[in-house]
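J.: So that you have it, the file is work_13.pdb, and it contains PDB, C-alpha atoms:
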```
ATOM      1  CA  MET A 163       8.546  19.010   5.179
ATOM      2  CA  GLY A 164      10.029  15.613   4.395
ATOM      3  CA  LYS A 165      11.800  14.684   1.219
ATOM      4  CA  PRO A 166      10.336  12.265  -1.320
ATOM      5  CA  TYR A 167      11.791   8.776  -1.668
ATOM      6  CA  SER A 168      14.584   8.525  -4.219
ATOM      7  CA  LEU A 169      13.830   7.772  -7.834
ATOM      8  CA  ASP A 170      16.133   4.736  -7.616
ATOM      9  CA  LEU A 171      14.055   3.177  -4.810
ATOM     10  CA  ARG A 172      10.840   3.893  -6.656
ATOM     11  CA  GLU A 173      12.130   2.211  -9.805
ATOM     12  CA  ARG A 174      13.342  -0.852  -7.873
ATOM     13  CA  VAL A 175       9.952  -1.249  -6.170
ATOM     14  CA  ILE A 176       8.150  -0.967  -9.515
ATOM     15  CA  ALA A 177      10.565  -3.460 -11.093
ATOM     16  CA  ALA A 178       9.791  -5.923  -8.288
ATOM     17  CA  ILE A 179       6.025  -5.474  -8.761
ATOM     18  CA  GLU A 180       6.325  -5.857 -12.528
ATOM     19  CA  GLY A 181       8.529  -8.911 -11.948
ATOM     20  CA  GLY A 182       5.654 -10.734 -10.266
ATOM     21  CA  ALA A 183       5.877  -9.688  -6.609
ATOM     22  CA  SER A 184       2.726  -8.473  -4.937
ATOM     23  CA  THR A 185       2.489  -4.942  -3.617
ATOM     24  CA  GLY A 186       2.828  -6.214  -0.045
ATOM     25  CA  GLN A 187       5.854  -8.348  -0.875
ATOM     26  CA  ALA A 188       7.610  -5.475  -2.659
ATOM     27  CA  ALA A 189       6.828  -3.147   0.240
ATOM     28  CA  ALA A 190       8.230  -5.593   2.802
ATOM     29  CA  ARG A 191      11.335  -6.256   0.707
ATOM     30  CA  PHE A 192      12.221  -2.559   0.429
ATOM     31  CA  SER A 193      10.952  -1.523   3.902
ATOM     32  CA  ILE A 194       8.310   0.907   2.722
ATOM     33  CA  GLY A 195       4.587   1.074   3.339
ATOM     34  CA  LYS A 196       2.206  -1.124   1.377
ATOM     35  CA  ALA A 197       0.116   1.925   0.469
ATOM     36  CA  THR A 198       3.241   3.679  -0.826
ATOM     37  CA  ALA A 199       4.132   0.752  -3.075
ATOM     38  CA  GLY A 200       0.527   0.626  -4.309
ATOM     39  CA  ALA A 201       0.492   4.361  -5.016
ATOM     40  CA  TRP A 202       3.730   4.064  -7.003
ATOM     41  CA  GLY A 203       2.280   1.154  -8.970
ATOM     42  CA  ARG A 204      -0.834   3.165  -9.840
ATOM     43  CA  LEU A 205       1.321   6.168 -10.761
ATOM     44  CA  LYS A 206       3.433   3.992 -13.078
ATOM     45  CA  ARG A 207       0.322   2.571 -14.775
ATOM     46  CA  ALA A 208      -1.295   6.000 -15.137
ATOM     47  CA  THR A 209       1.665   8.083 -16.308
ATOM     48  CA  GLY A 210       4.380   5.581 -17.215
ATOM     49  CA  ASP A 211       6.765   7.233 -14.769
ATOM     50  CA  VAL A 212       7.326   7.303 -11.008
ATOM     51  CA  THR A 213       9.062  10.661 -10.705
ATOM     52  CA  PRO A 214       7.912  12.455  -7.543
ATOM     53  CA  ALA A 215       5.766  15.546  -7.937
ATOM     54  CA  ARG A 216       7.037  18.949  -6.880
ATOM     55  CA  GLN A 217       6.605  19.702  -3.212
ATOM     56  CA  GLY A 218       5.420  22.902  -1.612
ATOM     57  CA  LYS A 219       2.853  25.504  -2.415
ATOM     58  CA  PRO A 220       2.566  26.607  -6.017
ATOM     59  CA  LYS A 221       3.896  30.060  -6.772
ATOM     60  CA  GLY A 222       1.577  32.822  -7.785
ATOM     61  CA  SER A 223      -2.061  33.585  -7.249
ATOM     62  CA  VAL A 224      -5.375  33.349  -9.064
ATOM     63  CA  LEU A 225      -5.320  37.134  -9.113
ATOM     64  CA  ASP A 226      -2.078  37.381 -11.108
ATOM     65  CA  ALA A 227      -4.067  36.969 -14.322
ATOM     66  CA  HIS A 228      -6.275  39.918 -13.287
ATOM     67  CA  ALA A 229      -3.500  42.255 -12.109
ATOM     68  CA  ASP A 230      -4.156  44.915 -14.775
ATOM     69  CA  PHE A 231      -7.858  44.981 -13.897
ATOM     70  CA  ILE A 232      -7.120  45.380 -10.163
ATOM     71  CA  PHE A 233      -4.543  48.117 -10.735
ATOM     72  CA  ALA A 234      -6.988  49.948 -13.013
ATOM     73  CA  LEU A 235      -9.660  49.793 -10.287
ATOM     74  CA  ILE A 236      -7.256  51.291  -7.770
ATOM     75  CA  GLY A 237      -6.126  53.920 -10.272
ATOM     76  CA  GLU A 238      -9.643  55.158 -11.012
ATOM     77  CA  THR A 239     -10.881  55.024  -7.402
ATOM     78  CA  HIS A 240      -8.138  55.576  -4.838
ATOM     79  CA  ASP A 241     -10.399  54.934  -1.846
ATOM     80  CA  ILE A 242     -11.781  51.574  -3.045
ATOM     81  CA  THR A 243     -11.987  48.930  -0.326
ATOM     82  CA  LEU A 244     -10.823  45.334  -0.477
ATOM     83  CA  GLU A 245     -14.428  44.159  -0.338
ATOM     84  CA  GLU A 246     -15.332  46.369  -3.298
ATOM     85  CA  ILE A 247     -12.406  44.987  -5.312
ATOM     86  CA  ALA A 248     -13.476  41.422  -4.496
ATOM     87  CA  ASP A 249     -17.076  42.230  -5.481
ATOM     88  CA  ARG A 250     -16.030  43.827  -8.778
ATOM     89  CA  LEU A 251     -13.836  40.813  -9.586
ATOM     90  CA  ALA A 252     -16.787  38.511  -8.944
ATOM     91  CA  ASP A 253     -19.224  40.631 -10.965
ATOM     92  CA  GLU A 254     -17.052  41.526 -13.947
ATOM     93  CA  ARG A 255     -14.511  38.724 -14.138
ATOM     94  CA  GLY A 256     -16.291  35.792 -12.453
ATOM     95  CA  VAL A 257     -13.484  35.354  -9.886
ATOM     96  CA  LYS A 258     -14.895  34.560  -6.456
ATOM     97  CA  ILE A 259     -12.339  35.384  -3.765
ATOM     98  CA  VAL A 260     -12.254  36.754  -0.249
ATOM     99  CA  PRO A 261     -10.955  40.242   0.578
ATOM    100  CA  THR A 262      -7.938  38.707   2.342
ATOM    101  CA  ALA A 263      -6.752  37.282  -0.979
ATOM    102  CA  VAL A 264      -6.925  40.768  -2.486
ATOM    103  CA  TRP A 265      -4.921  42.139   0.446
ATOM    104  CA  LYS A 266      -2.237  39.443   0.037
ATOM    105  CA  PHE A 267      -2.049  40.156  -3.695
ATOM    106  CA  LEU A 268      -1.619  43.882  -3.106
ATOM    107  CA  ASP A 269       0.910  43.244  -0.337
ATOM    108  CA  ARG A 270       3.024  41.115  -2.701
ATOM    109  CA  HIS A 271       3.012  44.039  -5.130
ATOM    110  CA  ASP A 272       3.941  46.560  -2.386
ATOM    111  CA  MET A 273       0.634  48.381  -2.740
ATOM    112  CA  THR A 274      -0.536  48.555   0.855
ATOM    113  CA  HIS A 275      -2.496  51.667   1.730
ATOM    114  CA  LYS A 276      -4.178  52.641   4.959
ATOM    115  CA  LYS A 277      -7.077  54.978   4.539
ATOM    116  CA  ARG A 278      -7.748  57.629   7.138
ATOM    117  CA  LEU A 279     -11.272  58.514   8.090
ATOM    118  CA  LEU A 280     -12.465  61.849   6.807
ATOM    119  CA  MET A 281     -12.304  64.312   9.695
ATOM    120  CA  ARG A 282     -11.910  67.957  10.415
ATOM    121  CA  ALA A 283      -8.343  69.263  10.200
ATOM    122  CA  ASN A 284      -6.534  69.433  13.510
ATOM    123  CA  ARG A 285      -4.264  72.344  14.352
ATOM    124  CA  SER A 286      -1.653  70.253  16.173
ATOM    125  CA  ALA A 287      -1.472  67.307  13.724
ATOM    126  CA  SER A 288      -0.522  67.625  10.105
ATOM    127  CA  MET A 289      -2.792  65.918   7.591
TER     128      MET A 289
END
```
Take the structure in the file and write it out as structure tokens.

T.:
Amino acid sequence: MGKPYSLDLRERVIAAIEGGASTGQAAARFSIGKATAGAWGRLKRATGDVTPARQGKPKGSVLDAHADFIFALIGETHDITLEEIADRLADERGVKIVPTAVWKFLDRHDMTHKKRLLMRANRSASM
């Protein structure tokens, strides 16, 4: 992932635009794209600042707010499936997610569990 342009360059481009240069002229003068200069101008007008936003994926999950509910579901029913957890979240909490999101949440909390099918005990394998 690339790095954002420096704050110094952003401020110089904005100063040029506010000084009367067009977006295209400011972009050519500082060797940046015209769309970039325009985006910085709009950002300055909207927020009053041209500081770059944080890069990367945000930390956390939608399910972090519902962690206690999920752990309680697992505690009361040890053999609950990911689909059942997702359905209960949708029904009782209004959170619509896919079972994969539940799996990733549980994996982050070191709560992976593989269920074995119910079968007759085998003499050679311990259960």

J.: Return the padded bounding box of stretch 185-190 of chain A as AutoDock Vina command-line options: axis-aligned, built from all atoms listed in the file, 8 Å added on each side, with centre and edge lengths in Å to one decimal.

T.:
```
--center_x 5.4 --center_y -5.7 --center_z -0.4 --size_x 21.7 --size_y 21.2 --size_z 22.4
```

J.: Using only C-alpha atoms, which of the listed residues (A:Arg174, A:Lys258, A:Lys165, A:His271) sits closest to A:Trp202?

T.: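 The closest residue to A:Trp202 is A:Arg174.
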
J.: Taking the file as shown, what set of residues would the PyMOL selection byres ((chain A and resi 207-223) around 9) give back, as a PyMOL selection string?

T.: chain A and resi 163+165-169+172-173+176+202-206+224-227+263+267

J.: For each of A:Ile232, A:Val264, A:Ala177, A:Gly256, take the minimum atom-to-atom distance to A:Leu244, counting only C-alpha atoms, then give the residue where this is smallest.

T.: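 Distance minimum relative to A:Leu244 lands on A:Val264.
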
J.: Tell me, in Å to one decimal, how far atom CA of A:Glu254 is from atom CA of A:Phe231.

T.: 9.8 Å

J.: Could you state the separation of atom CA of A:Val175 and atom CA of A:Arg191 in Å, given to one decimal place?

T.: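 About the pair atom CA of A:Val175 and atom CA of A:Arg191: they are 8.6 Å apart.
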
J.: Of the candidates A:Ala234, A:Ile194, A:Trp265, A:His228, which one gets nearest to A:Leu251 if we count all atoms listed in the file?

T.: A:His228

J.: Could you check how far atom CA of A:Asp230 sits from atom CA of A:Glu246, in Å to one decimal?

T.: 16.1 Å

J.: Taking all atoms listed in the file into account, name the residue in A:Met273, A:Gly164, A:Leu268, A:Leu171 that is nearest to A:Ala189.

T.: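 Comparing A:Met273, A:Gly164, A:Leu268, A:Leu171 against A:Ala189, the winner is A:Leu171.
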
J.: Could you pull out every residue with an atom within 12 Å of (4.0, -7.3, -0.6), file coordinates, counting all atoms listed in the file, and send them as JSON, numbers by chain?

T.: {"A": [175, 176, 178, 179, 182, 183, 184, 185, 186, 187, 188, 189, 190, 191, 192, 193, 194, 195, 196, 197, 198, 199, 200]}
